Amino acid sequence: MEKAVALAPDSWMPGGEPDPLIRAKHGSIGASVPRIDGPLKVRGAAPFAAEFALDGMLYAALMFSTVPKGRISTLDTTQAEAAPGVALVMTYRNAPRMKPMPLFMTAEKAGGSDNLPIMQDERIHWNGQPIAVVLAQTQEQADHAVSLIRATYETEAAVTSFATAKAKGTEPGLFMGQPLKAEKGDAEAALAKAPVRVDCRYSTPRHNHNAIEPHAATVAWVGDILIVHDASQAVHHTAWSLGQIFGIAEEQVHVTSPFVGGGFGGKCLWQHQVLGAAASKLAGRPVRITLSREGVYRLIGGRTLTEQRFAIGAEPEGRFVSLIHTGTVATAPQNAFPEPFILPTMSSYGSPNIKLDVQTVHLDMLANTFMRAPGESVGSFAMESAIDEMAVALGMDPVELRVLNQPEEDPLKGTSFSARHIAEAWRTGAERFGWSKRNPTAASVRDGEWLVGMGCATATYPYHRMPGGAARITLTRDGGAKVEIAAHEMGMGTATAHTQVVADRLGLSRDQVTFAYGDSAFPGVVLAGGSQQTASIGASVIAAHHVLIRDLLKLAGNDSPLAGLSADEVGTLNGGLAKLDDPTRHESYVSILTRSGRDHIAAEGSASPPLETQHWSMHSFGALFCEIGVNSVTGETRVRRFLGSYDCGRILNPKTAASQFRGGIIMGLGLALMEETQFDERNGRVMNPSLAEYHVPVHLDVPEIDVIWTDIPDPRAPMGARGIGEIGITGVGAAVANAIFNATGKRIRDLPITLDKLL
């Protein structure tokens with residue numbers, strides 16, 4: 001199937017005929033529009049998941065296990081049940097019977113983070129697993145009552161050491177159902193013969209999700225209908241999966257998620273939503289379940305650790321003849337989600353010989369999960385650090401080495417790129433940053449007691465569009481339009497950008513458009529992940545728009561200036577439809593609806609399968625530049641300047657896009673310099689479950705960040721735009737590490753780069 005799609009004519013593919021909006025030069029698209037949800041948020045009027053007040057609501061608190069594997073031997077809840085305000089204590093003894101969560105990717109709408117029974121037996125699978133839920137009249141009463149529960153355990157031998165797990169043997173990694181392995185030519189033989197070689201080991205630690213809004217849900221049963229107000233990146237996945245768990249139809253579960261205070265891959269379906277719904281069912285009252293910051297560390301997975309080998313063989317002039325990217329990651333047996341660190345190497349550079357392989361081991365730990373740019377964020381650290389090491393070995397400028405090795409076609413598949421303008425991004429970025437002033441000799445630039453250096457790296461992330469997209473457009477007689485789609489707004493500006501897009505697509509002004517999202521009652525199975533939501537929404541709205549035009553032409557009838565025209569002959573103009581080559585043949589939506597005696601017209605359409613991703617190689621890229629100061633006395637590292645120059649297709653809203661890029665870069669600075677989950681390998685427990693001990697960048701850690709972009713549309717993508725939510729973090733770790741090498745002469749291959757590694 002994939003070969004047939006790759007060989008098919010371009011015109012058969014989605015994107016074979018470029019989106020007409022790509023050609024539009026004036027309109028809402030491209031305008032720097034403030035986020036339409038901004039006023040609600042600054043007034044405190046945006047309802048988040050833990051801010052829905054329901055009559056008779058109880059507050060939940062969780063008790064977590066303290067052993068990595070075994071069974072509950074005793075569980076004494078007597079004091080908790082007698083505590084003030086307590087209405088219910090739920091354990092495996094009295095919890096409703098439930099099926100395990102359908103594991104993500106095992107079905108179209110499966111959204112579960114693990115496949116374990118949830119509070120159905122006394123078994124313990126990781127250190128931090130919930131073993132009791134307390135419901136009380138206030139959160140403080142619930143938290144106090146949890147502290148009164150006493151549990152003892154019968155432990156079993158657990159594998160919590162990465163070294164021990166590796167000694168038992170590794171297994172091939174799978175990501176999204178595909179093997180994390182690819183080979184072209186004989187990379188090992190080519191490496192051995194290469195005149196210039198780099199062959200190094202790199203490692204990255206575990207990372208935890210730390211969204212500004214801790215995970216929460218407000219749940220209620222109304223008869224046999226389950227209502228869930230959630231902080232979710234996947235409302236339809238959650239609704240379907242909860243239906244499976246409780247043995248009810250998907251239509252009996254209504255999930256809303258109007259606002260999400262940060263997602264990054266962690267705000268999907270975990271055990272707390274299920275436990276809240278189960279406790280609500282048992283108590284017969286609404287329940288608010290809000291995880292503490294520590295609770296997020298105990299219950300919500302993050303990025304797993306990696307050990308990576310990156311080897312490059314090159315000719316003396318810098319052409320790569322061999323690329324090898326292999327290594328091992330840890331996963332949990334209950335979801336087996338390996339960090340796919342080879343992904344950036346699959347498309348960034350050309351070589352006749354390539355070897356990629358991710359091996360996995362299982363540890364008895366919390367299930368790990370997606371975290372901003374899974375694979376690319378940590379894989380680019382190894383890849384781009386090794387590229388820098390090769391530039392040093394060759395005595396070559398790191399920017400020129402990267403540009404020299406740009407591939408003409410997909411390095412593994414041989415398919416054409418839909419659009420690739422990374423060379424332009426490198427040139428404009430280098431000029432703006434002042435790269436020509438960089439001293440290539442390491443540890444040669446000082447500013448008092450500070451050693452100063454510059455580094456660069458490539459950023460990359462693929463274009464994704466997942467199947468299942470659909471949207472509904474409703475036009476009303478007052479001239480307004482409403483779009484409904486089960487998409488998500490997590491602060492990235494989705495609602496704002498697509499209000500702009502819909503306005504231009506329908507020929508309306510922005511204030512005539514309402515973009516409704518975050519509700520499982522709306523059409524479409526659109527996951528806010530993989531930087532694919534913009535493309536999925538865009539393709540869904542295109543499909544609904546095509547249906548709408550056909551329906552409007554039928555409604556217009558023979559008395560309209562549009563009479564006799566087909567849908568292919570008309571376009572949108574000034575709040576209505578017009579003949580493409582004769583705009584005088586025009587009728588407004590208001591006129592069509594008024595003449596037909598209709599108050600509104602609604603049209604729903606489903607997006608075509610995302611075959612474009614198999615026909616073309618579709619990726620976004622960026623050129624990153626970093627200036628670092630390292631204190632020669634204390635080892636303190638200060639990022640002085642940072643520039644990201646991106647090639648991500650058309651930028652729909654420069655204001656929100658710049659915020660996304662900067663946010664990703666800041667998250668990358670944390671990855672580079674401070675973020676690390678301290679995992680006690682003796683007992684599998686996370687030891688720094690708070691923002692006091694798990695360090696993320698604060699304002700004083702972040703310098704001026706400059707972002708620019710090519711703004712060259714991708715003709716194969718809806719609106720010409722590729723996603724930007726995740727590319728910002730990629731390459732940042734390497735840009736920082738490479739700048740540190742240029743400043744100090746010390747090559748750090750183990751993240752995070754802390755003081756002890758520089759002294």
# chains A, B, ... in the order shown; residues from 1 in each chain; ligands from 1
call {"tool": "closest_atom_pairs", "arguments": {"of": "segment 264-374 of chain A", "to": "segment 525-530 of chain A", "cutoff": "8 Å", "atoms": "only C-alpha atoms", "output": "Markdown table"}}
result
| residue | atom | partner | partner_atom | distance |
| --- | --- | --- | --- | --- |
| A:Phe264 | CA | A:Gly529 | CA | 7.5 |
| A:Gly265 | CA | A:Gly529 | CA | 6.4 |
| A:Ala373 | CA | A:Gly530 | CA | 7.3 |
call {"tool": "write_last_selection", "arguments": {"atoms": "C-alpha atoms", "output": "tab-separated table (two decimals), in the first residue's frame"}}
result
chain	number	residue	atom	x	y	z
A	264	PHE	CA	2.75	18.50	25.87
A	265	GLY	CA	1.66	14.83	25.55
A	373	ALA	CA	8.68	15.99	20.45
call {"tool": "residues_around", "arguments": {"residues": "Met492 of chain A", "least_positions_apart": "6", "cutoff": "9 Å", "atoms": "only C-alpha atoms", "output": "list in words"}}
result
Arg35, Gly262, Thr656, Ala657, Ser659, Gln660 and Gly725 of chain A
call {"tool": "closest_residue", "arguments": {"among": "A:Pro18, A:Met667, A:Glu676, A:Ala189", "to": "Asn688 of chain A", "atoms": "only C-alpha atoms"}}
result
A:Glu676
call {"tool": "select_by_dssp", "arguments": {"residues": "segment 203-381 of chain A", "states": "alpha helix (DSSP H)", "output": "number ranges by chain"}}
result
A: 235-246, 271-283, 293-299, 376-381
call {"tool": "closest_residue", "arguments": {"among": "A:Ala194, A:Leu669, A:Ala239, A:Ala419", "to": "Ile753 of chain A", "atoms": "only C-alpha atoms"}}
result
A:Leu669
call {"tool": "closest_residue", "arguments": {"among": "A:Ala279, A:Leu553, A:Val296, A:Leu58", "to": "Thr91 of chain A", "atoms": "only C-alpha atoms"}}
result
A:Ala279
call {"tool": "select_by_dssp", "arguments": {"residues": "segment 461-562 of chain A", "states": "strand (DSSP E)", "output": "PyMOL selection string"}}
result
chain A and resi 461-462+470-476+481-484+513-516
call {"tool": "write_last_selection", "arguments": {"atoms": "C-alpha atoms", "output": "PDB file, in the first residue's frame"}}
result
ATOM      1  CA  TYR A 461       9.911  17.552  13.302  1.00  0.00           C
ATOM      2  CA  PRO A 462       7.719  15.682  10.795  1.00  0.00           C
ATOM      3  CA  ALA A 470     -14.239  15.827  10.627  1.00  0.00           C
ATOM      4  CA  ALA A 471     -15.905  19.204  11.113  1.00  0.00           C
ATOM      5  CA  ARG A 472     -19.332  20.858  10.972  1.00  0.00           C
ATOM      6  CA  ILE A 473     -19.911  24.362   9.573  1.00  0.00           C
ATOM      7  CA  THR A 474     -23.132  26.207  10.312  1.00  0.00           C
ATOM      8  CA  LEU A 475     -24.065  29.433   8.513  1.00  0.00           C
ATOM      9  CA  THR A 476     -26.831  31.583   9.999  1.00  0.00           C
ATOM     10  CA  ALA A 481     -20.557  31.104  10.829  1.00  0.00           C
ATOM     11  CA  LYS A 482     -19.813  28.525  13.479  1.00  0.00           C
ATOM     12  CA  VAL A 483     -17.323  25.697  13.128  1.00  0.00           C
ATOM     13  CA  GLU A 484     -17.548  22.735  15.489  1.00  0.00           C
ATOM     14  CA  VAL A 513     -16.733  33.423  12.930  1.00  0.00           C
ATOM     15  CA  THR A 514     -17.089  31.267  16.051  1.00  0.00           C
ATOM     16  CA  PHE A 515     -14.705  28.345  16.464  1.00  0.00           C
ATOM     17  CA  ALA A 516     -16.094  25.733  18.908  1.00  0.00           C
TER      18      ALA A 516
END
call {"tool": "closest_residue", "arguments": {"among": "A:Arg505, A:Arg201, A:Arg71, A:Arg682", "to": "Arg747 of chain A", "atoms": "only C-alpha atoms"}}
result
A:Arg201
